[in-house]
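Chemist: One file: protein_39.txt (compact mmCIF, C-alpha atoms).
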# COMPACT_ATOMS: atom_id res chain seq x y z
CA MET O 8 -19.87 -26.87 -0.68
CA LYS O 9 -17.12 -26.52 -3.25
CA LYS O 10 -15.52 -23.11 -3.38
CA MET O 11 -15.94 -21.56 -6.82
CA THR O 12 -12.85 -20.32 -8.63
CA ASP O 13 -12.69 -16.78 -9.96
CA ILE O 14 -13.20 -18.04 -13.49
CA GLU O 15 -16.27 -20.08 -12.50
CA ILE O 16 -17.75 -17.03 -10.78
CA ILE O 17 -17.08 -14.85 -13.82
CA ASP O 18 -18.69 -17.44 -16.12
CA SER O 19 -21.70 -17.60 -13.83
CA VAL O 20 -22.05 -13.80 -13.71
CA THR O 21 -21.74 -13.46 -17.47
CA ARG O 22 -24.45 -16.13 -17.85
CA GLY O 23 -26.75 -13.81 -15.93
CA ASN O 24 -26.28 -14.75 -12.27
CA THR O 25 -25.44 -11.24 -11.18
CA ALA O 26 -25.70 -12.18 -7.49
CA ASP O 27 -22.55 -14.32 -7.82
CA PHE O 28 -20.53 -11.15 -8.32
CA ALA O 29 -20.86 -10.71 -4.54
CA LEU O 30 -18.47 -13.68 -4.16
CA LEU O 31 -15.80 -11.82 -6.09
CA ILE O 32 -16.42 -8.66 -4.08
CA ASP O 33 -16.07 -10.57 -0.80
CA ARG O 34 -12.93 -12.23 -2.05
CA TYR O 35 -11.07 -9.07 -3.05
CA LYS O 36 -12.60 -6.13 -1.17
CA ASP O 37 -10.38 -6.19 1.93
CA LYS O 38 -7.07 -6.60 0.16
CA ALA O 39 -7.96 -4.02 -2.49
CA PHE O 40 -9.18 -1.66 0.22
CA SER O 41 -5.87 -2.04 2.08
CA LEU O 42 -4.00 -1.25 -1.10
CA LEU O 43 -6.13 1.83 -1.80
CA LYS O 44 -5.97 3.09 1.75
CA ARG O 45 -2.21 2.95 1.63
CA MET O 46 -2.13 4.61 -1.78
CA LEU O 47 -4.65 7.36 -1.15
CA LYS O 48 -4.04 7.82 2.61
CA ASN O 49 -7.73 8.48 3.04
CA GLU O 50 -10.47 6.03 3.96
CA MET O 51 -13.31 7.79 2.14
CA ASP O 52 -11.38 8.13 -1.11
CA ALA O 53 -10.34 4.50 -0.80
CA GLU O 54 -13.94 3.33 -0.42
CA GLU O 55 -15.13 5.45 -3.32
CA VAL O 56 -12.38 4.22 -5.64
CA LEU O 57 -13.02 0.63 -4.57
CA GLN O 58 -16.73 0.94 -5.37
CA ASP O 59 -15.89 2.51 -8.69
CA SER O 60 -13.39 -0.26 -9.46
CA PHE O 61 -15.88 -3.04 -8.75
CA LEU O 62 -18.52 -1.34 -10.91
CA LYS O 63 -16.02 -0.90 -13.75
CA ALA O 64 -14.96 -4.54 -13.39
CA TYR O 65 -18.58 -5.71 -13.49
CA ASN O 66 -19.41 -3.62 -16.53
CA SER O 67 -16.34 -4.92 -18.39
CA LEU O 68 -16.61 -8.51 -17.24
CA LYS O 69 -17.84 -9.70 -20.63
CA ASN O 70 -14.63 -8.40 -22.18
CA PHE O 71 -12.43 -10.19 -19.65
CA ARG O 72 -10.19 -12.63 -21.46
CA HIS O 73 -9.18 -15.59 -19.41
CA GLU O 74 -5.50 -15.41 -20.35
CA ALA O 75 -4.65 -13.40 -17.23
CA ARG O 76 -5.84 -14.08 -13.70
CA PHE O 77 -8.86 -12.07 -12.60
CA SER O 78 -6.83 -10.63 -9.70
CA THR O 79 -4.24 -9.15 -12.08
CA TRP O 80 -6.94 -7.65 -14.27
CA PHE O 81 -8.90 -6.32 -11.31
CA TYR O 82 -5.89 -4.84 -9.50
CA ARG O 83 -4.98 -3.05 -12.68
CA ILE O 84 -8.40 -1.37 -12.69
CA VAL O 85 -7.95 -0.52 -9.00
CA TYR O 86 -4.45 0.85 -9.55
CA ASN O 87 -5.44 3.00 -12.54
CA SER O 88 -8.52 4.32 -10.77
CA ALA O 89 -6.41 5.28 -7.76
CA LEU O 90 -3.85 7.00 -9.99
CA SER O 91 -6.65 9.04 -11.58
CA VAL O 92 -7.80 10.18 -8.15
CA LEU O 93 -4.26 11.00 -7.09
CA SER O 94 -3.61 13.08 -10.17
CA ALA O 95 -7.01 14.75 -9.87
CA ASN O 96 -6.16 15.66 -6.29
CA LYS O 97 -2.79 16.89 -7.50
CA ARG O 98 -1.10 14.79 -4.86
CA LYS O 99 0.51 12.87 -7.62
CA ILE O 100 3.35 11.44 -7.27
CA GLU O 101 6.51 13.26 -7.03
CA HIS O 102 7.37 10.19 -5.01
CA GLU O 103 7.15 8.05 -8.11
CA MET O 104 9.82 9.94 -9.92
CA ILE O 105 12.24 9.90 -7.01
CA SER O 106 14.31 6.87 -6.24
CA ILE O 107 13.88 5.22 -2.89
CA ASP O 108 17.42 6.14 -1.85
CA GLU O 109 16.69 9.84 -2.30
CA TYR O 110 13.22 9.74 -0.87
CA PHE O 111 13.24 7.18 1.89
CA GLN O 112 15.04 9.03 4.63
CA PRO O 113 12.71 8.51 7.53
CA GLY O 114 14.75 10.57 10.05
CA ILE O 115 12.37 12.11 12.57
CA ILE O 116 9.48 9.90 11.43
CA ASP O 117 11.67 6.86 11.91
CA ASP O 118 12.50 7.91 15.49
CA ARG O 119 8.82 8.51 16.25
CA ILE O 120 7.76 5.16 14.81
CA TYR O 121 10.67 3.44 16.53
CA SER O 122 9.75 4.82 19.93
CA SER O 123 6.05 4.00 19.52
CA SER O 124 6.61 0.40 18.34
CA GLU O 125 6.60 -2.43 20.83
CA ASN O 126 8.61 -4.82 18.71
CA ALA O 127 10.53 -5.10 15.50
CA GLN O 128 7.66 -6.54 13.50
CA GLU O 129 5.31 -3.73 14.45
CA TYR O 130 8.07 -1.27 13.62
CA ILE O 131 8.63 -2.75 10.16
CA LEU O 132 4.94 -2.84 9.33
CA LYS O 133 4.56 0.81 10.30
CA LEU O 134 7.49 1.71 8.08
CA ILE O 135 5.75 0.21 5.03
CA ASP O 136 3.39 3.18 4.98
CA GLN O 137 6.39 5.50 4.82
CA LEU O 138 7.76 3.94 1.64
CA PRO O 139 7.28 5.81 -1.65
CA ILE O 140 3.98 4.84 -3.26
CA ARG O 141 5.31 2.55 -5.96
CA ASN O 142 7.66 0.73 -3.61
CA ALA O 143 4.88 0.23 -1.09
CA LEU O 144 2.53 -1.00 -3.81
CA VAL O 145 4.93 -3.59 -5.17
CA THR O 146 5.59 -4.79 -1.64
CA ILE O 147 1.89 -5.05 -0.77
CA LEU O 148 0.91 -6.70 -4.05
CA PHE O 149 3.69 -9.23 -3.55
CA TYR O 150 3.21 -10.04 0.13
CA VAL O 151 -0.48 -9.34 0.77
CA ASP O 152 -2.12 -10.10 -2.54
CA GLY O 153 0.23 -12.90 -3.46
CA LEU O 154 0.85 -11.64 -6.98
CA SER O 155 4.00 -12.74 -8.78
CA LEU O 156 6.50 -10.14 -9.97
CA SER O 157 5.33 -10.71 -13.52
CA GLU O 158 1.70 -10.07 -12.52
CA ILE O 159 2.67 -6.96 -10.58
CA SER O 160 4.53 -5.63 -13.61
CA LYS O 161 1.29 -6.03 -15.61
CA VAL O 162 -0.81 -4.33 -12.95
CA MET O 163 1.52 -1.35 -12.73
CA ASP O 164 2.47 -1.34 -16.39
CA ILE O 165 6.21 -1.41 -15.74
CA SER O 166 8.90 -3.85 -16.80
CA LEU O 167 9.59 -7.02 -14.87
CA VAL O 168 13.12 -5.80 -14.11
CA ASN O 169 11.79 -2.53 -12.66
CA THR O 170 9.28 -4.44 -10.55
CA LYS O 171 12.03 -6.61 -9.13
CA VAL O 172 14.22 -3.57 -8.47
CA LEU O 173 11.37 -1.83 -6.63
CA LEU O 174 10.79 -4.85 -4.40
CA HIS O 175 14.47 -5.35 -3.67
CA ARG O 176 15.00 -1.69 -2.90
CA SER O 177 12.04 -1.66 -0.53
CA ARG O 178 13.41 -4.65 1.33
CA ASN O 179 16.94 -3.24 1.38
CA ALA O 180 15.74 0.12 2.70
CA LEU O 181 13.80 -1.60 5.48
CA ARG O 182 16.74 -3.88 6.15
CA ASP O 183 19.13 -0.93 6.58
CA ILE O 184 16.80 0.64 9.12
CA LEU O 185 16.54 -2.64 10.95
CA LEU O 186 20.31 -2.92 11.06
CA LYS O 187 20.54 0.64 12.33
CA HIS O 188 18.55 -0.38 15.40
CA ASN O 189 20.07 -3.86 15.70
CA TYR O 190 16.59 -5.26 15.54
CA GLN O 191 17.46 -8.30 13.44
CA GLU O 192 19.10 -10.01 16.40
CA GLU O 193 16.06 -9.56 18.56
CA MET O 194 13.82 -11.25 16.03
CA LEU O 195 15.93 -14.20 14.99
CA MET V 12 29.74 -4.66 -5.93
CA LYS V 13 27.46 -3.55 -3.09
CA LYS V 14 24.51 -3.56 -5.44
CA ASN V 15 25.38 -7.02 -6.68
CA THR V 16 25.62 -8.34 -3.15
CA ASP V 17 22.25 -6.81 -2.25
CA GLU V 18 20.71 -8.31 -5.37
CA LEU V 19 22.18 -11.69 -4.58
CA LEU V 20 20.90 -11.63 -1.02
CA ASN V 21 17.42 -10.76 -2.23
CA ASP V 22 17.53 -13.55 -4.76
CA TYR V 23 18.84 -15.84 -2.01
CA ILE V 24 15.83 -15.29 0.24
CA ASP V 25 13.53 -15.69 -2.76
CA ASN V 26 15.16 -19.05 -3.55
CA GLN V 27 16.17 -17.72 -6.92
CA ILE V 28 19.76 -18.90 -6.65
CA ASP V 29 21.05 -22.37 -7.20
CA GLY V 30 24.14 -24.36 -8.05
CA PHE V 31 27.55 -22.79 -7.83
CA MET V 32 26.31 -19.34 -6.80
CA LEU V 33 24.38 -20.79 -3.86
CA GLU V 34 27.44 -22.62 -2.59
CA GLU V 35 29.54 -19.48 -2.94
CA ILE V 36 27.11 -17.39 -0.92
CA ASN V 37 26.86 -20.07 1.77
CA GLU V 38 30.65 -20.07 2.03
CA ARG V 39 30.84 -16.28 2.22
CA ILE V 40 28.21 -16.16 4.94
CA LYS V 41 30.39 -18.36 7.12
CA THR V 42 33.28 -15.91 7.00
CA ASP V 43 31.74 -12.51 6.31
CA LEU V 44 29.98 -11.21 9.43
CA ILE V 45 28.55 -8.12 7.72
CA LEU V 46 27.03 -10.24 4.97
CA LEU V 47 25.55 -12.57 7.58
CA LYS V 48 23.98 -9.64 9.45
CA LYS V 49 22.52 -8.29 6.21
CA LEU V 50 21.07 -11.66 5.35
CA GLN V 51 19.57 -12.06 8.83
CA ALA V 52 18.00 -8.61 8.60
CA LEU V 53 16.64 -9.32 5.14
CA LYS V 54 15.11 -12.59 6.34
CA THR V 55 13.51 -10.71 9.23
CA ILE V 56 12.05 -8.19 6.82
CA ASP V 57 10.78 -10.95 4.54
CA GLN V 58 9.12 -12.81 7.43
CA SER V 59 7.51 -9.64 8.79
CA LEU V 60 6.17 -8.55 5.43
CA TRP V 61 4.02 -11.67 5.20
CA HIS V 62 2.08 -10.23 8.13
CA ILE V 63 1.23 -6.81 6.68
CA GLU V 64 -2.03 -5.66 8.19
CA ILE V 65 -5.10 -5.93 5.99
CA TYR V 66 -7.61 -3.14 6.53
CA PRO V 67 -11.15 -4.52 6.22
CA ALA V 68 -13.47 -2.77 3.76
CA PRO V 69 -16.28 -0.77 5.43
CA ASP V 70 -19.31 -2.64 6.77
CA GLY V 71 -22.04 -3.37 4.24
CA PHE V 72 -19.70 -2.71 1.32
CA THR V 73 -20.72 -5.79 -0.68
CA LYS V 74 -24.41 -5.05 -0.17
CA LYS V 75 -23.93 -1.47 -1.31
CA ILE V 76 -22.28 -2.55 -4.57
CA MET V 77 -24.78 -5.33 -5.19
CA THR V 78 -27.70 -2.92 -4.72
CA LYS V 79 -26.18 -0.70 -7.37
CA LEU V 80 -25.62 -3.64 -9.70
CA ILE V 81 -28.89 -5.48 -9.30
CA ASN V 82 -31.05 -2.43 -9.20
CA PRO V 83 -29.18 0.48 -10.76
CA SER V 84 -32.46 2.39 -10.97
CA VAL V 85 -32.50 2.64 -7.17
CA ALA V 86 -29.30 4.64 -7.18
CA ALA V 87 -30.56 6.80 -10.05
CA LEU V 88 -33.89 7.21 -8.28
CA ASN V 89 -32.15 8.40 -5.13
CA LYS V 90 -30.34 11.04 -7.14
CA ILE V 91 -33.58 12.19 -8.77
CA LYS V 92 -35.29 12.19 -5.37
CA SER V 93 -32.63 14.37 -3.81
CA PHE V 94 -32.84 16.73 -6.81
CA PHE V 95 -36.59 17.11 -6.42
CA VAL V 96 -36.27 17.51 -2.66
CA SER V 97 -33.88 20.43 -3.20
CA VAL V 98 -36.15 22.02 -5.84
CA VAL V 99 -39.24 21.64 -3.67
CA GLY V 100 -37.30 22.98 -0.68
CA LEU V 101 -36.20 26.01 -2.66
CA LEU V 102 -39.74 26.69 -3.89
CA SER V 103 -41.21 26.28 -0.41
CA THR V 104 -38.67 28.72 1.01
CA SER V 105 -39.48 31.24 -1.73
CA ILE V 106 -43.24 30.92 -1.10
CA LEU V 107 -42.70 31.29 2.64
CA ALA V 108 -40.55 34.36 2.06
CA LEU V 109 -43.25 35.88 -0.18
CA LEU V 110 -45.95 35.17 2.38
CA LEU V 111 -43.82 36.69 5.11
CA ALA V 112 -43.18 39.77 2.99
CA ALA V 113 -46.91 40.08 2.27
CA TYR V 114 -47.75 39.70 5.94
CA LEU V 115 -45.21 42.33 6.97
CA THR V 116 -46.50 44.71 4.29
CA ALA V 117 -50.08 44.19 5.39
CA SER V 118 -49.34 44.54 9.09
CA SER V 119 -47.32 47.71 8.63
CA ALA V 120 -50.13 49.31 6.58
CA VAL V 121 -52.26 51.64 8.64
CA SER V 122 -55.45 51.32 6.69
CA GLU V 123 -57.00 49.09 4.06
CA ARG V 124 -56.44 51.79 1.49
CA GLU V 125 -52.77 52.01 2.29
CA THR V 126 -52.50 48.24 1.88
CA PHE V 127 -53.93 48.51 -1.64
CA VAL V 128 -51.58 51.35 -2.47
CA LYS V 129 -48.62 49.26 -1.34
CA LEU V 130 -49.83 46.22 -3.27
CA ASP V 131 -50.32 48.41 -6.35
CA SER V 132 -46.75 49.60 -6.09
CA VAL V 133 -45.50 46.00 -5.81
CA ILE V 134 -47.52 44.97 -8.90
CA THR V 135 -46.23 47.98 -10.83
CA PHE V 136 -42.68 47.05 -9.83
CA ILE V 137 -43.16 43.44 -11.06
CA LYS V 138 -44.72 44.62 -14.35
CA GLU V 139 -41.84 47.02 -15.02
CA ASN V 140 -39.27 44.36 -14.41
CA MET V 141 -41.15 41.79 -16.50
CA SER V 142 -41.28 44.13 -19.43
CA TYR V 143 -37.56 44.76 -18.96
CA GLY V 144 -37.05 40.99 -18.96
CA PHE V 145 -39.03 40.54 -22.18
CA SER V 146 -37.17 43.36 -23.89
CA PHE V 147 -33.89 41.80 -22.74
CA VAL V 148 -34.79 38.41 -24.25
CA GLY V 149 -35.33 40.07 -27.61
CA SER V 150 -32.10 42.08 -27.43
CA GLN V 151 -28.76 41.45 -29.14
CA LYS V 152 -27.12 41.02 -25.71
CA ALA V 153 -29.33 38.03 -24.90
CA VAL V 154 -28.50 36.42 -28.26
CA SER V 155 -24.75 36.80 -27.56
CA ILE V 156 -25.09 35.34 -24.06
CA GLY V 157 -27.13 32.46 -25.53
CA TRP V 158 -24.37 31.77 -28.05
CA VAL V 159 -21.67 31.72 -25.40
CA ALA V 160 -23.74 29.47 -23.11
CA SER V 161 -24.44 27.07 -26.00
CA MET V 162 -20.74 26.90 -26.88
CA ILE V 163 -19.83 26.13 -23.26
CA LEU V 164 -22.51 23.44 -23.17
CA ILE V 165 -21.31 21.85 -26.43
CA ILE V 166 -17.67 21.86 -25.25
CA SER V 167 -18.68 20.28 -21.91
CA VAL V 168 -20.65 17.57 -23.67
CA TYR V 169 -17.68 16.92 -25.96
CA PHE V 170 -15.32 16.43 -22.99
CA ILE V 171 -17.78 14.15 -21.19
CA VAL V 172 -18.18 11.96 -24.29
CA GLU V 173 -14.41 12.01 -24.90
CA SER V 174 -13.57 10.89 -21.36
CA HIS V 175 -16.14 8.13 -21.66
CA ILE V 176 -14.54 6.90 -24.89
CA ASN V 177 -11.07 7.09 -23.32
CA PHE V 178 -12.26 5.09 -20.38
CA LYS V 179 -13.74 2.40 -22.65
CA ASN V 180 -10.51 2.24 -24.62
CA LYS V 181 -8.51 1.85 -21.41
CA ILE V 182 -10.64 -1.08 -20.35
CA LYS V 183 -10.24 -2.66 -23.80
CA GLN V 184 -6.47 -2.19 -23.54
CA ILE V 185 -6.43 -3.84 -20.11
CA ASN V 186 -8.23 -6.82 -21.58
CA ARG V 187 -5.82 -7.04 -24.46
CA ASN V 188 -2.91 -7.15 -22.00
So, in terms of C-alpha cells, how does the structure I just supplied come out?
Modeler:
Amino acid sequence: MKKMTDIEIIDSVTRGNTADFALLIDRYKDKAFSLLKRMLKNEMDAEEVLQDSFLKAYNSLKNFRHEARFSTWFYRIVYNSALSVLSANKRKIEHEMISIDEYFQPGIIDDRIYSSSENAQEYILKLIDQLPIRNALVTILFYVDGLSLSEISKVMDISLVNTKVLLHRSRNALRDILLKHNYQEEML
Amino acid sequence: MKKNTDELLNDYIDNQIDGFMLEEINERIKTDLILLKKLQALKTIDQSLWHIEIYPAPDGFTKKIMTKLINPSVAALNKIKSFFVSVVGLLSTSILALLLAAYLTASSAVSERETFVKLDSVITFIKENMSYGFSFVGSQKAVSIGWVASMILIISVYFIVESHINFKNKIKQINRN
C-alpha cells in the first residue's frame, strides 16, 4: 500500500476522514515527544504538551496553508506550547539569554557523564541534554527531525543566521569537550 | 580568526564550501595538526549526532488523542461524571455525618423525653441560624460581597476570552508564516 504524504493525509482529514489524523500522530509523536522531553525535562509535562499540540494542530488544520511543510508548522505549535509551559512554570529560560560559551561549562557534570559513559558516542549523546535549551533544540530539530536550518528558523522564530550560529556553537562546544578527552582519535 | 576557522570547519562538514576555499582548507589540513584534530572531532560530533536517542511517546498515545478527536463528548462526559461523583460523595458524607450525630445524640439521651429536648434544641439552633442567614442576604454587607464576587467573575471571564482570542491569533499567525 502506498504511503500517504503529509499533505494527502491533511487533505483527507479536512474532507472528513478524521481517522486519518492517526497517521500524522504516529508519524510525529515520537520525535516531538523526544523534543518536548528534552525541553521540559519531565515526561508528564511532555505528554500533556504533546497531546495539546496535536489537538491544536487538528483544530487548526483547515487553516493550514500548504506553502510550508506540515512538520515545520506542527513543530512550531509544539515549540510555542512548550515555551508557554516553561514560562508558566517559571523555569523559563535564563538559559536562552545566555550564550553557550558562558553557560556550557559542564565541569563536574562533564566528569560524571564522562565516567559513566562506555564510549565516545554515548558520552556525546548524554552531553546533548546538558546544552542550553535553544542550542539543544536546534541540534535535535536538525539531526533528529531532519529540518533544514531555514525551517528551524521558522519553528523557533529566529533569523537564519542565528539558527546557524546556534548549531555551530553547539557542535563546537561538544567538539571542545571531545578534544579535552582525546575522544576523537578513538572514534575515527 | 578563531571564529572564522570554526565557521569554516562547520561549513566544511556541511558541504557548504566549494571552489577555492575548499582547496585552501584541504591544503591547511595537511600542514596544520590542530586544525586537523578539530576537523576530526567535529566530524565525530556530526556522525554521533545522527544517532540521538528518540524517546518513544507513551503507550496508547495515538488512541488517547483519537478518542478525544472522534468523540470529544466522551472526554467532556468523563469530566462531568467526576464532578457528579465528587458532589454525590460530598452529600453522602454529610448525610452519614448527620445520621451519626443523630445516633450519638439519641444514644446518649437517658430517656425519650430527653431525646426530644435535645432534638428541640437542635431545631431551635437551626431556626436561629436560618433567620440570621435570611437577614444577612437582605443586608448591605451581602450586596457588597455580591458586587465584589460579580466583578471577580466578570474579570475572570474577560481573561479567559482574551487568552482564547490570543491563542486563535497565534495560530493564524503561524499559518501566515
Chemist: Given only C-alpha atoms as the basis, pick out the residue of O:Thr146, O:Leu154, O:Asn96, O:Arg83 nearest to Arg178 in chain O.
Modeler: O:Thr146
Chemist: Go through chain V residue by residue and, counting all atoms listed in the file, keep those with an atom at most 9 Å from chain O; for each kept residue give the shortest atom pair and its distance in Å to one decimal, ordered by chain and increasing number, as JSON lines.
Modeler:
{"residue": "V:Asp17", "atom": "CA", "partner": "O:Asn179", "partner_atom": "CA", "distance": 7.4}
{"residue": "V:Glu18", "atom": "CA", "partner": "O:His175", "partner_atom": "CA", "distance": 7.1}
{"residue": "V:Asn21", "atom": "CA", "partner": "O:His175", "partner_atom": "CA", "distance": 6.3}
{"residue": "V:Asp22", "atom": "CA", "partner": "O:His175", "partner_atom": "CA", "distance": 8.8}
{"residue": "V:Lys48", "atom": "CA", "partner": "O:Gln191", "partner_atom": "CA", "distance": 7.8}
{"residue": "V:Lys49", "atom": "CA", "partner": "O:Arg182", "partner_atom": "CA", "distance": 7.3}
{"residue": "V:Leu50", "atom": "CA", "partner": "O:Arg182", "partner_atom": "CA", "distance": 8.9}
{"residue": "V:Gln51", "atom": "CA", "partner": "O:Gln191", "partner_atom": "CA", "distance": 6.3}
{"residue": "V:Ala52", "atom": "CA", "partner": "O:Gln191", "partner_atom": "CA", "distance": 4.9}
{"residue": "V:Leu53", "atom": "CA", "partner": "O:Arg182", "partner_atom": "CA", "distance": 5.5}
{"residue": "V:Lys54", "atom": "CA", "partner": "O:Gln191", "partner_atom": "CA", "distance": 8.6}
{"residue": "V:Thr55", "atom": "CA", "partner": "O:Gln191", "partner_atom": "CA", "distance": 6.3}
{"residue": "V:Ile56", "atom": "CA", "partner": "O:Arg182", "partner_atom": "CA", "distance": 6.4}
{"residue": "V:Asp57", "atom": "CA", "partner": "O:Arg178", "partner_atom": "CA", "distance": 7.5}
{"residue": "V:Gln58", "atom": "CA", "partner": "O:Gln128", "partner_atom": "CA", "distance": 8.8}
{"residue": "V:Ser59", "atom": "CA", "partner": "O:Gln128", "partner_atom": "CA", "distance": 5.6}
{"residue": "V:Leu60", "atom": "CA", "partner": "O:Tyr150", "partner_atom": "CA", "distance": 6.3}
{"residue": "V:Trp61", "atom": "CA", "partner": "O:Tyr150", "partner_atom": "CA", "distance": 5.4}
{"residue": "V:His62", "atom": "CA", "partner": "O:Val151", "partner_atom": "CA", "distance": 7.8}
{"residue": "V:Ile63", "atom": "CA", "partner": "O:Leu132", "partner_atom": "CA", "distance": 6.0}
{"residue": "V:Glu64", "atom": "CA", "partner": "O:Leu132", "partner_atom": "CA", "distance": 7.6}
{"residue": "V:Ile65", "atom": "CA", "partner": "O:Ser41", "partner_atom": "CA", "distance": 5.6}
{"residue": "V:Tyr66", "atom": "CA", "partner": "O:Ser41", "partner_atom": "CA", "distance": 4.9}
{"residue": "V:Pro67", "atom": "CA", "partner": "O:Asp37", "partner_atom": "CA", "distance": 4.7}
{"residue": "V:Ala68", "atom": "CA", "partner": "O:Asp37", "partner_atom": "CA", "distance": 5.0}
{"residue": "V:Pro69", "atom": "CA", "partner": "O:Glu54", "partner_atom": "CA", "distance": 7.5}
{"residue": "V:Phe72", "atom": "CA", "partner": "O:Gln58", "partner_atom": "CA", "distance": 8.2}
{"residue": "V:Thr73", "atom": "CA", "partner": "O:Ile32", "partner_atom": "CA", "distance": 6.2}
{"residue": "V:Lys74", "atom": "CA", "partner": "O:Ala29", "partner_atom": "CA", "distance": 8.0}
{"residue": "V:Lys75", "atom": "CA", "partner": "O:Gln58", "partner_atom": "CA", "distance": 8.6}
{"residue": "V:Ile76", "atom": "CA", "partner": "O:Gln58", "partner_atom": "CA", "distance": 6.6}
{"residue": "V:Met77", "atom": "CA", "partner": "O:Ala29", "partner_atom": "CA", "distance": 6.7}
{"residue": "V:Lys79", "atom": "CA", "partner": "O:Leu62", "partner_atom": "CA", "distance": 8.5}
{"residue": "V:Leu80", "atom": "CA", "partner": "O:Leu62", "partner_atom": "CA", "distance": 7.6}
{"residue": "V:Ile81", "atom": "CA", "partner": "O:Thr25", "partner_atom": "CA", "distance": 7.0}
{"residue": "V:Lys179", "atom": "CA", "partner": "O:Ser67", "partner_atom": "CA", "distance": 8.9}
{"residue": "V:Ile182", "atom": "CA", "partner": "O:Ser67", "partner_atom": "CA", "distance": 7.1}
{"residue": "V:Lys183", "atom": "CA", "partner": "O:Asn70", "partner_atom": "CA", "distance": 7.4}
{"residue": "V:Ile185", "atom": "CA", "partner": "O:Trp80", "partner_atom": "CA", "distance": 7.0}
{"residue": "V:Asn186", "atom": "CA", "partner": "O:Phe71", "partner_atom": "CA", "distance": 5.7}
{"residue": "V:Arg187", "atom": "CA", "partner": "O:Arg72", "partner_atom": "CA", "distance": 7.7}
{"residue": "V:Asn188", "atom": "CA", "partner": "O:Lys161", "partner_atom": "CA", "distance": 7.7}
Chemist: Have a look at CA of Ala153 in chain V and CA of Phe136 in chain V and let me know their distance in Å, one decimal.
Modeler: 22.1 Å
Chemist: So how many Å separate CA of Ile40 in chain V and CA of Asn26 in chain V, to one decimal?
Modeler: 15.8 Å
Chemist: To one decimal place in Å, what is the distance between CA of Val56 in chain O and CA of Tyr82 in chain O?
Modeler: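 Computing the Euclidean distance for CA of Val56 in chain O and CA of Tyr82 in chain O yields 11.8 Å.
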Chemist: Edge lengths and centre in Å to one decimal, as lines of an AutoDock Vina configuration file, is what I'm after for the box along x, y and z that holds all listed atoms of range 93-101 of chain V once 5 Å is added on each side.
Modeler:
center_x = -35.9
center_y = 20.2
center_z = -3.7
size_x = 16.6
size_y = 21.6
size_z = 16.1
